[in-house]
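The file entry-v1.cif contains mmCIF, C-alpha atoms; chains and numbers go by the auth columns:
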data_upload
#
loop_
_atom_site.group_PDB
_atom_site.id
_atom_site.type_symbol
_atom_site.label_atom_id
_atom_site.label_comp_id
_atom_site.label_asym_id
_atom_site.label_seq_id
_atom_site.Cartn_x
_atom_site.Cartn_y
_atom_site.Cartn_z
_atom_site.B_iso_or_equiv
_atom_site.auth_seq_id
_atom_site.auth_asym_id
ATOM 1 C CA LEU A 1 98.977 91.088 128.654 0.00 985 A
ATOM 2 C CA LEU A 2 100.893 87.829 128.990 0.00 986 A
ATOM 3 C CA LEU A 3 102.497 88.900 132.266 0.00 987 A
ATOM 4 C CA TYR A 4 99.209 90.337 133.484 0.00 988 A
ATOM 5 C CA ALA A 5 97.445 87.076 132.677 0.00 989 A
ATOM 6 C CA ARG A 6 100.088 85.085 134.554 0.00 990 A
ATOM 7 C CA ALA A 7 99.617 87.275 137.619 0.00 991 A
ATOM 8 C CA GLY A 8 96.510 85.285 138.560 0.00 992 A
ATOM 9 C CA LYS A 9 93.618 87.704 139.084 0.00 993 A
ATOM 10 C CA GLY A 10 94.292 89.431 135.791 0.00 994 A
ATOM 11 C CA ARG A 11 94.079 86.210 133.779 0.00 995 A
ATOM 12 C CA PRO A 12 90.353 86.388 132.822 0.00 996 A
ATOM 13 C CA VAL A 13 90.638 90.029 131.745 0.00 997 A
ATOM 14 C CA ALA A 14 93.839 89.528 129.718 0.00 998 A
ATOM 15 C CA VAL A 15 92.639 86.345 128.034 0.00 999 A
ATOM 16 C CA GLY A 16 89.281 87.991 127.331 0.00 1000 A
ATOM 17 C CA LEU A 17 90.953 90.966 125.640 0.00 1001 A
ATOM 18 C CA VAL A 18 93.125 88.697 123.498 0.00 1002 A
ATOM 19 C CA ILE A 19 90.253 86.445 122.482 0.00 1003 A
ATOM 20 C CA GLY A 20 88.110 89.501 121.765 0.00 1004 A
ATOM 21 C CA TYR A 21 90.804 90.898 119.482 0.00 1005 A
ATOM 22 C CA PHE A 22 90.975 87.670 117.509 0.00 1006 A
ATOM 23 C CA LEU A 23 87.209 87.453 117.192 0.00 1007 A
ATOM 24 C CA VAL A 24 87.289 90.913 115.604 0.00 1008 A
ATOM 25 C CA ALA A 25 90.150 89.806 113.334 0.00 1009 A
ATOM 26 C CA ILE A 26 88.152 86.745 112.230 0.00 1010 A
ATOM 27 C CA PHE A 27 85.068 88.898 111.614 0.00 1011 A
ATOM 28 C CA TYR A 28 86.975 91.336 109.419 0.00 1012 A
ATOM 29 C CA THR A 29 88.536 88.468 107.515 0.00 1013 A
ATOM 30 C CA LEU A 30 85.181 86.845 106.761 0.00 1014 A
ATOM 31 C CA PHE A 31 83.638 90.155 105.655 0.00 1015 A
ATOM 32 C CA SER A 32 86.766 91.496 104.000 0.00 1016 A
ATOM 33 C CA ALA A 33 86.729 93.038 100.541 0.00 1017 A
ATOM 34 C CA ASP A 34 89.292 90.323 99.742 0.00 1018 A
ATOM 35 C CA PRO A 35 88.931 87.417 102.227 0.00 1019 A
ATOM 36 C CA ILE A 36 91.833 85.446 100.748 0.00 1020 A
ATOM 37 C CA GLY A 37 94.132 88.449 101.030 0.00 1021 A
ATOM 38 C CA SER A 38 93.046 89.011 104.624 0.00 1022 A
ATOM 39 C CA LEU A 39 93.672 85.359 105.406 0.00 1023 A
ATOM 40 C CA PHE A 40 97.251 85.252 104.125 0.00 1024 A
ATOM 41 C CA GLY A 41 98.166 88.943 104.168 0.00 1025 A
ATOM 42 C CA VAL A 42 99.087 91.082 101.191 0.00 1026 A
ATOM 43 C CA SER A 43 101.718 93.449 102.551 0.00 1027 A
ATOM 44 C CA GLU A 44 105.400 92.646 102.994 0.00 1028 A
ATOM 45 C CA SER A 45 104.770 91.944 106.679 0.00 1029 A
ATOM 46 C CA ALA A 46 102.212 89.214 105.856 0.00 1030 A
ATOM 47 C CA GLN A 47 100.128 89.965 108.959 0.00 1031 A
ATOM 48 C CA GLY A 48 97.034 88.110 107.760 0.00 1032 A
ATOM 49 C CA LEU A 49 94.725 86.047 109.933 0.00 1033 A
ATOM 50 C CA LEU A 50 96.954 82.971 109.730 0.00 1034 A
ATOM 51 C CA THR A 51 99.894 84.924 111.151 0.00 1035 A
ATOM 52 C CA GLN A 52 97.642 86.410 113.831 0.00 1036 A
ATOM 53 C CA LEU A 53 96.497 82.921 114.843 0.00 1037 A
ATOM 54 C CA ILE A 54 100.135 81.894 115.253 0.00 1038 A
ATOM 55 C CA TYR A 55 100.535 84.777 117.691 0.00 1039 A
ATOM 56 C CA LEU A 56 97.463 83.536 119.560 0.00 1040 A
ATOM 57 C CA THR A 57 98.916 80.036 119.751 0.00 1041 A
ATOM 58 C CA VAL A 58 102.199 81.329 121.152 0.00 1042 A
ATOM 59 C CA PHE A 59 100.302 83.420 123.722 0.00 1043 A
ATOM 60 C CA LEU A 60 98.224 80.457 124.893 0.00 1044 A
ATOM 61 C CA LEU A 61 101.276 78.188 125.069 0.00 1045 A
ATOM 62 C CA ALA A 62 103.191 80.798 127.083 0.00 1046 A
ATOM 63 C CA LEU A 63 100.360 80.826 129.612 0.00 1047 A
ATOM 64 C CA GLN A 64 101.076 77.163 130.312 0.00 1048 A
ATOM 65 C CA VAL A 65 104.760 77.724 131.128 0.00 1049 A
ATOM 66 C CA SER A 66 105.173 77.147 134.856 0.00 1050 A
ATOM 67 C CA ASP A 67 108.654 78.653 135.175 0.00 1051 A
ATOM 68 C CA GLN A 68 107.854 82.372 135.067 0.00 1052 A
ATOM 69 C CA ARG A 69 111.408 83.421 135.888 0.00 1053 A
ATOM 70 C CA GLY A 70 112.701 81.261 133.065 0.00 1054 A
ATOM 71 C CA LEU A 71 110.202 82.876 130.693 0.00 1055 A
ATOM 72 C CA MET A 72 111.346 86.312 131.814 0.00 1056 A
ATOM 73 C CA ARG A 73 114.979 85.369 131.241 0.00 1057 A
ATOM 74 C CA TRP A 74 114.189 84.285 127.687 0.00 1058 A
ATOM 75 C CA ILE A 75 112.342 87.528 126.987 0.00 1059 A
ATOM 76 C CA LEU A 76 115.196 89.633 128.372 0.00 1060 A
ATOM 77 C CA ALA A 77 117.836 87.594 126.536 0.00 1061 A
ATOM 78 C CA THR A 78 115.961 88.004 123.262 0.00 1062 A
ATOM 79 C CA ASN A 79 115.582 91.698 123.968 0.00 1063 A
ATOM 80 C CA ALA A 80 119.346 92.049 124.554 0.00 1064 A
ATOM 81 C CA VAL A 81 120.098 90.411 121.195 0.00 1065 A
ATOM 82 C CA VAL A 82 117.621 92.699 119.421 0.00 1066 A
ATOM 83 C CA ILE A 83 119.165 95.799 121.022 0.00 1067 A
ATOM 84 C CA PHE A 84 122.732 94.694 120.248 0.00 1068 A
ATOM 85 C CA TYR A 85 121.833 94.168 116.595 0.00 1069 A
ATOM 86 C CA ALA A 86 120.155 97.598 116.492 0.00 1070 A
ATOM 87 C CA PHE A 87 123.373 99.234 117.704 0.00 1071 A
ATOM 88 C CA LEU A 88 125.349 97.342 115.055 0.00 1072 A
ATOM 89 C CA GLN A 89 123.024 98.728 112.391 0.00 1073 A
ATOM 90 C CA PHE A 90 123.343 102.278 113.648 0.00 1074 A
ATOM 91 C CA ALA A 91 127.135 101.978 113.680 0.00 1075 A
ATOM 92 C CA GLY A 92 127.117 100.703 110.088 0.00 1076 A
ATOM 93 C CA LEU A 93 128.342 97.250 111.118 0.00 1077 A
ATOM 94 C CA ASP A 94 125.280 95.239 110.149 0.00 1078 A
ATOM 95 C CA PRO A 95 126.591 91.865 108.854 0.00 1079 A
ATOM 96 C CA LEU A 96 123.357 91.332 106.905 0.00 1080 A
ATOM 97 C CA SER A 97 123.146 94.791 105.361 0.00 1081 A
ATOM 98 C CA HIS A 98 123.278 93.290 101.870 0.00 1082 A
ATOM 99 C CA ILE A 99 119.859 91.638 102.283 0.00 1083 A
ATOM 100 C CA TRP A 100 118.031 94.546 103.955 0.00 1084 A
ATOM 101 C CA ALA A 101 116.565 97.562 102.187 0.00 1085 A
ATOM 102 C CA SER A 102 118.069 99.755 104.902 0.00 1086 A
ATOM 103 C CA GLU A 103 118.232 102.820 102.691 0.00 1087 A
ATOM 104 C CA ASN A 104 114.421 103.042 102.811 0.00 1088 A
ATOM 105 C CA TYR A 105 114.613 104.028 106.479 0.00 1089 A
ATOM 106 C CA LEU A 106 117.287 106.741 106.154 0.00 1090 A
ATOM 107 C CA GLY A 107 119.520 105.222 108.812 0.00 1091 A
ATOM 108 C CA ARG A 108 116.778 104.459 111.354 0.00 1092 A
ATOM 109 C CA THR A 109 117.428 101.136 113.055 0.00 1093 A
ATOM 110 C CA PHE A 110 115.037 98.200 112.803 0.00 1094 A
ATOM 111 C CA SER A 111 117.221 95.336 114.105 0.00 1095 A
ATOM 112 C CA THR A 112 115.681 91.949 113.222 0.00 1096 A
ATOM 113 C CA LEU A 113 112.067 93.179 113.160 0.00 1097 A
ATOM 114 C CA GLY A 114 112.044 94.540 109.625 0.00 1098 A
ATOM 115 C CA HIS A 115 110.765 98.071 110.330 0.00 1099 A
ATOM 116 C CA PRO A 116 111.801 100.859 112.737 0.00 1100 A
ATOM 117 C CA ALA A 117 108.233 101.287 113.996 0.00 1101 A
ATOM 118 C CA TRP A 118 107.961 97.583 114.877 0.00 1102 A
ATOM 119 C CA LEU A 119 111.267 97.733 116.735 0.00 1103 A
ATOM 120 C CA GLY A 120 110.023 100.787 118.614 0.00 1104 A
ATOM 121 C CA VAL A 121 106.877 98.916 119.695 0.00 1105 A
ATOM 122 C CA TRP A 122 108.928 95.881 120.777 0.00 1106 A
ATOM 123 C CA LEU A 123 111.244 98.019 122.908 0.00 1107 A
ATOM 124 C CA LEU A 124 108.314 99.892 124.402 0.00 1108 A
ATOM 125 C CA LEU A 125 106.585 96.651 125.418 0.00 1109 A
ATOM 126 C CA THR A 126 109.714 95.202 127.025 0.00 1110 A
ATOM 127 C CA PHE A 127 110.735 98.460 128.706 0.00 1111 A
ATOM 128 C CA PRO A 128 108.819 97.808 131.982 0.00 1112 A
ATOM 129 C CA LEU A 129 110.800 94.562 132.372 0.00 1113 A
ATOM 130 C CA MET A 130 114.152 96.346 132.501 0.00 1114 A
ATOM 131 C CA ARG A 131 115.979 96.467 135.817 0.00 1115 A
ATOM 132 C CA GLY A 132 119.004 98.641 136.608 0.00 1116 A
ATOM 133 C CA ARG A 133 119.859 102.103 135.316 0.00 1117 A
ATOM 134 C CA PHE A 134 122.291 100.812 132.722 0.00 1118 A
ATOM 135 C CA TRP A 135 119.744 98.619 130.946 0.00 1119 A
ATOM 136 C CA ILE A 136 117.028 101.269 131.165 0.00 1120 A
ATOM 137 C CA VAL A 137 119.294 103.852 129.510 0.00 1121 A
ATOM 138 C CA VAL A 138 120.373 101.333 126.850 0.00 1122 A
ATOM 139 C CA GLN A 139 116.743 100.442 126.148 0.00 1123 A
ATOM 140 C CA ALA A 140 115.748 104.104 125.880 0.00 1124 A
ATOM 141 C CA LEU A 141 118.661 104.894 123.557 0.00 1125 A
ATOM 142 C CA ALA A 142 117.827 101.947 121.290 0.00 1126 A
ATOM 143 C CA LEU A 143 114.236 103.164 121.134 0.00 1127 A
ATOM 144 C CA ILE A 144 115.373 106.666 120.161 0.00 1128 A
ATOM 145 C CA LEU A 145 117.504 105.190 117.363 0.00 1129 A
ATOM 146 C CA THR A 146 114.348 103.815 115.727 0.00 1130 A
ATOM 147 C CA GLY A 147 113.243 107.386 115.037 0.00 1131 A
ATOM 148 C CA SER A 148 109.686 106.276 115.803 0.00 1132 A
ATOM 149 C CA LYS A 149 107.798 109.279 117.128 0.00 1133 A
ATOM 150 C CA ALA A 150 104.950 107.114 118.406 0.00 1134 A
ATOM 151 C CA ALA A 151 107.295 104.820 120.342 0.00 1135 A
ATOM 152 C CA VAL A 152 109.218 107.730 121.889 0.00 1136 A
ATOM 153 C CA LEU A 153 105.948 109.407 122.873 0.00 1137 A
ATOM 154 C CA GLY A 154 104.753 106.112 124.356 0.00 1138 A
ATOM 155 C CA LEU A 155 107.943 105.846 126.404 0.00 1139 A
ATOM 156 C CA VAL A 156 107.501 109.373 127.758 0.00 1140 A
ATOM 157 C CA VAL A 157 103.918 108.558 128.755 0.00 1141 A
ATOM 158 C CA LEU A 158 105.117 105.327 130.399 0.00 1142 A
ATOM 159 C CA MET A 159 107.748 107.168 132.426 0.00 1143 A
ATOM 160 C CA VAL A 160 105.427 109.985 133.471 0.00 1144 A
ATOM 161 C CA GLY A 161 102.827 107.417 134.488 0.00 1145 A
ATOM 162 C CA ALA A 162 105.388 105.597 136.628 0.00 1146 A
ATOM 163 C CA VAL A 163 106.265 108.830 138.423 0.00 1147 A
ATOM 164 C CA VAL A 164 102.612 109.721 139.013 0.00 1148 A
ATOM 165 C CA MET A 165 102.008 106.288 140.521 0.00 1149 A
ATOM 166 C CA ARG A 166 104.680 107.136 143.116 0.00 1150 A
ATOM 167 C CA ARG A 167 106.690 103.990 142.760 0.00 1151 A
ATOM 168 C CA ASP A 168 109.786 104.771 144.795 0.00 1152 A
ATOM 169 C CA VAL A 169 111.967 102.262 142.986 0.00 1153 A
ATOM 170 C CA TRP A 170 111.159 103.874 139.656 0.00 1154 A
ATOM 171 C CA ARG A 171 111.104 107.547 140.571 0.00 1155 A
ATOM 172 C CA LYS A 172 114.823 108.395 140.358 0.00 1156 A
ATOM 173 C CA VAL A 173 115.394 106.004 137.481 0.00 1157 A
ATOM 174 C CA VAL A 174 112.499 107.449 135.498 0.00 1158 A
ATOM 175 C CA VAL A 175 113.549 111.055 136.013 0.00 1159 A
ATOM 176 C CA GLY A 176 117.122 110.162 135.058 0.00 1160 A
ATOM 177 C CA GLY A 177 115.844 108.282 132.033 0.00 1161 A
ATOM 178 C CA LEU A 178 113.803 111.255 130.838 0.00 1162 A
ATOM 179 C CA VAL A 179 116.806 113.556 131.185 0.00 1163 A
ATOM 180 C CA GLY A 180 118.978 111.021 129.383 0.00 1164 A
ATOM 181 C CA MET A 181 116.458 110.685 126.559 0.00 1165 A
ATOM 182 C CA VAL A 182 116.355 114.433 126.022 0.00 1166 A
ATOM 183 C CA PHE A 183 120.162 114.606 126.017 0.00 1167 A
ATOM 184 C CA PHE A 184 120.687 111.662 123.659 0.00 1168 A
ATOM 185 C CA GLY A 185 117.832 112.765 121.417 0.00 1169 A
ATOM 186 C CA PHE A 186 119.327 116.250 121.093 0.00 1170 A
ATOM 187 C CA LEU A 187 122.815 114.814 120.479 0.00 1171 A
ATOM 188 C CA LEU A 188 121.661 112.374 117.810 0.00 1172 A
ATOM 189 C CA GLY A 189 119.566 115.048 116.146 0.00 1173 A
ATOM 190 C CA LYS A 190 122.636 117.277 115.858 0.00 1174 A
ATOM 191 C CA LEU A 191 124.934 114.494 114.655 0.00 1175 A
ATOM 192 C CA TYR A 192 122.477 112.913 112.219 0.00 1176 A
ATOM 193 C CA PRO A 193 119.897 115.530 111.212 0.00 1177 A
ATOM 194 C CA ASP A 194 118.771 113.487 108.194 0.00 1178 A
ATOM 195 C CA ARG A 195 117.856 110.525 110.377 0.00 1179 A
ATOM 196 C CA PHE A 196 115.643 112.364 112.861 0.00 1180 A
ATOM 197 C CA PHE A 197 113.131 115.195 113.064 0.00 1181 A
ATOM 198 C CA LEU A 198 111.816 114.336 109.606 0.00 1182 A
ATOM 199 C CA LEU A 199 108.617 116.044 108.497 0.00 1183 A
ATOM 200 C CA ARG A 200 108.064 113.556 105.703 0.00 1184 A
ATOM 201 C CA SER A 201 106.229 111.071 107.894 0.00 1185 A
ATOM 202 C CA MET A 202 103.949 113.760 109.331 0.00 1186 A
ATOM 203 C CA GLN A 203 103.102 115.063 105.868 0.00 1187 A
ATOM 204 C CA ALA A 204 102.382 111.520 104.696 0.00 1188 A
ATOM 205 C CA ARG A 205 100.076 110.972 107.672 0.00 1189 A
ATOM 206 C CA GLU A 206 98.088 114.102 106.792 0.00 1190 A
ATOM 207 C CA VAL A 207 97.502 112.735 103.295 0.00 1191 A
ATOM 208 C CA ILE A 208 96.575 109.279 104.614 0.00 1192 A
ATOM 209 C CA TRP A 209 94.117 110.669 107.169 0.00 1193 A
ATOM 210 C CA SER A 210 92.389 112.915 104.640 0.00 1194 A
ATOM 211 C CA GLU A 211 92.088 110.137 102.038 0.00 1195 A
ATOM 212 C CA SER A 212 90.878 107.662 104.664 0.00 1196 A
ATOM 213 C CA VAL A 213 87.690 109.691 105.115 0.00 1197 A
ATOM 214 C CA GLU A 214 86.698 108.809 101.553 0.00 1198 A
ATOM 215 C CA MET A 215 87.481 105.151 102.207 0.00 1199 A
ATOM 216 C CA VAL A 216 85.180 105.109 105.238 0.00 1200 A
ATOM 217 C CA GLU A 217 82.409 106.785 103.283 0.00 1201 A
ATOM 218 C CA ALA A 218 82.715 104.182 100.523 0.00 1202 A
ATOM 219 C CA ARG A 219 82.753 101.185 102.886 0.00 1203 A
ATOM 220 C CA PRO A 220 81.804 102.030 106.492 0.00 1204 A
ATOM 221 C CA LEU A 221 82.571 98.544 107.836 0.00 1205 A
ATOM 222 C CA GLY A 222 86.105 98.700 106.500 0.00 1206 A
ATOM 223 C CA TYR A 223 88.015 96.666 103.925 0.00 1207 A
ATOM 224 C CA GLY A 224 89.258 93.821 106.075 0.00 1208 A
ATOM 225 C CA LEU A 225 92.422 92.657 107.758 0.00 1209 A
ATOM 226 C CA GLU A 226 95.596 93.727 105.883 0.00 1210 A
ATOM 227 C CA MET A 227 93.536 95.450 103.176 0.00 1211 A
ATOM 228 C CA PHE A 228 94.237 99.118 103.877 0.00 1212 A
ATOM 229 C CA GLU A 229 97.528 99.194 101.978 0.00 1213 A
ATOM 230 C CA TYR A 230 95.921 97.365 99.036 0.00 1214 A
ATOM 231 C CA PHE A 231 92.828 99.592 98.649 0.00 1215 A
ATOM 232 C CA PHE A 232 94.231 102.956 99.711 0.00 1216 A
ATOM 233 C CA PRO A 233 95.876 103.747 96.317 0.00 1217 A
ATOM 234 C CA ARG A 234 92.413 103.670 94.706 0.00 1218 A
ATOM 235 C CA PHE A 235 91.427 106.733 96.723 0.00 1219 A
ATOM 236 C CA SER A 236 94.685 108.681 96.501 0.00 1220 A
#

Whole structure, structure tokens version:
Amino acid sequence: LLLYARAGKGRPVAVGLVIGYFLVAIFYTLFSADPIGSLFGVSESAQGLLTQLIYLTVFLLALQVSDQRGLMRWILATNAVVIFYAFLQFAGLDPLSHIWASENYLGRTFSTLGHPAWLGVWLLLTFPLMRGRFWIVVQALALILTGSKAAVLGLVVLMVGAVVMRRDVWRKVVVGGLVGMVFFGFLLGKLYPDRFFLLRSMQAREVIWSESVEMVEARPLGYGLEMFEYFFPRFS
């Protein structure tokens, strides 16, 4: 959205979507089952309204940066550091392993983002910025190491979409990337079967989805920002 907003014509749409999201977040904080919890956040990620407003501030400040190439360089440099750290974790060379609860993720990498799913989303969002086959393959491999099914599926959809749009620059790279993903995914699954192809997450999702129906019936407007994790145990 940031890059789309900086493109000129897309600015009103992108800014409108972002502002709309935060209006919804404010609404669900005001009418939350626990407004204070929604304001500060109750989960370990602390993604309450205050944290969300920090994101909004960063977004609005980034819109004012005139040097777009410089902004892109910073994003790509940060992305490279995140990927490098993810590879260190996978290789068992994480220098900060003593402060992470890495065992909770069964070897899935999370780099500096705190959770494999969040790393997967980060890599998916920065993937369209990659240039050159080497970096595209590295990005795809790092995403596979997260073990995030949603992120991998999102990457496949992104690549298929790029091919359908007939972008000549992307076509060969995308096809090669898909082949590489299948190869590396198969290889990693054979080498580390406990880290990938886990059914635990799917089984957990089935339980969550079924119990969520009762939550909706009890409070149709929802429980507020950051409140799902807090109220869900009451229905399980």

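In this structure, atom CA of A:Glu1213 sits 25.9 Å away from atom CA of A:Leu1129.
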
List the residues selected by the PyMOL selection byres ((chain A and resi 1095-1097) around 6) in the file shown, writing them as a PDB file with C-alpha atoms, in the frame of the given file.
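File result22.pdb, as written:
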ATOM      1  CA  VAL A1066     117.621  92.699 119.421  1.00  0.00           C
ATOM      2  CA  TYR A1069     121.833  94.168 116.595  1.00  0.00           C
ATOM      3  CA  ALA A1070     120.155  97.598 116.492  1.00  0.00           C
ATOM      4  CA  THR A1093     117.428 101.136 113.055  1.00  0.00           C
ATOM      5  CA  PHE A1094     115.037  98.200 112.803  1.00  0.00           C
ATOM      6  CA  GLY A1098     112.044  94.540 109.625  1.00  0.00           C
ATOM      7  CA  HIS A1099     110.765  98.071 110.330  1.00  0.00           C
ATOM      8  CA  LEU A1103     111.267  97.733 116.735  1.00  0.00           C
TER       9      LEU A1103
END

Would you mind listing what lies within 12 Å of stretch 1054-1056 of chain A as a ChimeraX atom specification, with all atoms listed in the file counted and same-chain residues fewer than 4 positions away left out? /A:986-987,990,1045-1050,1060-1063,1110,1112-1115

Those selected residues, please, written with C-alpha atoms and delivered as a short mmCIF file (atom, residue, chain, number, x, y, z; two decimals), keeping the file's coordinate frame.
data_model
loop_
_atom_site.label_atom_id
_atom_site.label_comp_id
_atom_site.auth_asym_id
_atom_site.auth_seq_id
_atom_site.Cartn_x
_atom_site.Cartn_y
_atom_site.Cartn_z
CA LEU A 986 100.89 87.83 128.99
CA LEU A 987 102.50 88.90 132.27
CA ARG A 990 100.09 85.08 134.55
CA LEU A 1045 101.28 78.19 125.07
CA ALA A 1046 103.19 80.80 127.08
CA LEU A 1047 100.36 80.83 129.61
CA GLN A 1048 101.08 77.16 130.31
CA VAL A 1049 104.76 77.72 131.13
CA SER A 1050 105.17 77.15 134.86
CA LEU A 1060 115.20 89.63 128.37
CA ALA A 1061 117.84 87.59 126.54
CA THR A 1062 115.96 88.00 123.26
CA ASN A 1063 115.58 91.70 123.97
CA THR A 1110 109.71 95.20 127.02
CA PRO A 1112 108.82 97.81 131.98
CA LEU A 1113 110.80 94.56 132.37
CA MET A 1114 114.15 96.35 132.50
CA ARG A 1115 115.98 96.47 135.82
#

Could you tell me how far atom CA of A:Leu1205 lies from atom CA of A:Tyr1039, in Å and to one decimal?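 Interatomic distance, atom CA of A:Leu1205 to atom CA of A:Tyr1039: 24.7 Å.
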
If you measure from atom CA of A:Ser1027 to atom CA of A:Leu1209, what distance in Å do you get, rounded to one decimal? 10.7 Å

Taking the file as shown, find all residues satisfying the PyMOL selection byres ((chain A and resi 1192) around 12) and write them as a ChimeraX atom specification. /A:1185-1191,1193-1199,1212-1213,1215-1217,1219-1220

Polymer residues at most 9 Å from A:Tyr1012, only C-alpha atoms, same-chain spacing of 5 or more positions, as a list in words: Leu1007, Pro1019, Ser1022, Leu1205, Gly1206, Tyr1207, Gly1208 and Leu1209 of chain A

Explicit residues for the PyMOL selection byres ((chain A and resi 1024) around 12) (as a PDB file with C-alpha atoms, keeping the file's coordinate frame):
ATOM      1  CA  THR A1013      88.536  88.468 107.515  1.00  0.00           C
ATOM      2  CA  ASP A1018      89.292  90.323  99.742  1.00  0.00           C
ATOM      3  CA  PRO A1019      88.931  87.417 102.227  1.00  0.00           C
ATOM      4  CA  ILE A1020      91.833  85.446 100.748  1.00  0.00           C
ATOM      5  CA  GLY A1021      94.132  88.449 101.030  1.00  0.00           C
ATOM      6  CA  SER A1022      93.046  89.011 104.624  1.00  0.00           C
ATOM      7  CA  LEU A1023      93.672  85.359 105.406  1.00  0.00           C
ATOM      8  CA  GLY A1025      98.166  88.943 104.168  1.00  0.00           C
ATOM      9  CA  VAL A1026      99.087  91.082 101.191  1.00  0.00           C
ATOM     10  CA  SER A1027     101.718  93.449 102.551  1.00  0.00           C
ATOM     11  CA  GLU A1028     105.400  92.646 102.994  1.00  0.00           C
ATOM     12  CA  SER A1029     104.770  91.944 106.679  1.00  0.00           C
ATOM     13  CA  ALA A1030     102.212  89.214 105.856  1.00  0.00           C
ATOM     14  CA  GLN A1031     100.128  89.965 108.959  1.00  0.00           C
ATOM     15  CA  GLY A1032      97.034  88.110 107.760  1.00  0.00           C
ATOM     16  CA  LEU A1033      94.725  86.047 109.933  1.00  0.00           C
ATOM     17  CA  LEU A1034      96.954  82.971 109.730  1.00  0.00           C
ATOM     18  CA  THR A1035      99.894  84.924 111.151  1.00  0.00           C
ATOM     19  CA  GLN A1036      97.642  86.410 113.831  1.00  0.00           C
ATOM     20  CA  LEU A1037      96.497  82.921 114.843  1.00  0.00           C
ATOM     21  CA  ILE A1038     100.135  81.894 115.253  1.00  0.00           C
ATOM     22  CA  GLY A1208      89.258  93.821 106.075  1.00  0.00           C
ATOM     23  CA  LEU A1209      92.422  92.657 107.758  1.00  0.00           C
ATOM     24  CA  GLU A1210      95.596  93.727 105.883  1.00  0.00           C
ATOM     25  CA  MET A1211      93.536  95.450 103.176  1.00  0.00           C
TER      26      MET A1211
END

For A:Phe1111, which residue out of A:Val1065, A:Ala1134, A:Ala1085, A:Leu1139 is the nearest one, using only C-alpha atoms? A:Leu1139

Pick out the closest residue to A:Gln1123 from this set: A:Ala1101, A:Met1143, A:Leu1072, A:Ala1064. Count all atoms listed in the file. A:Ala1064
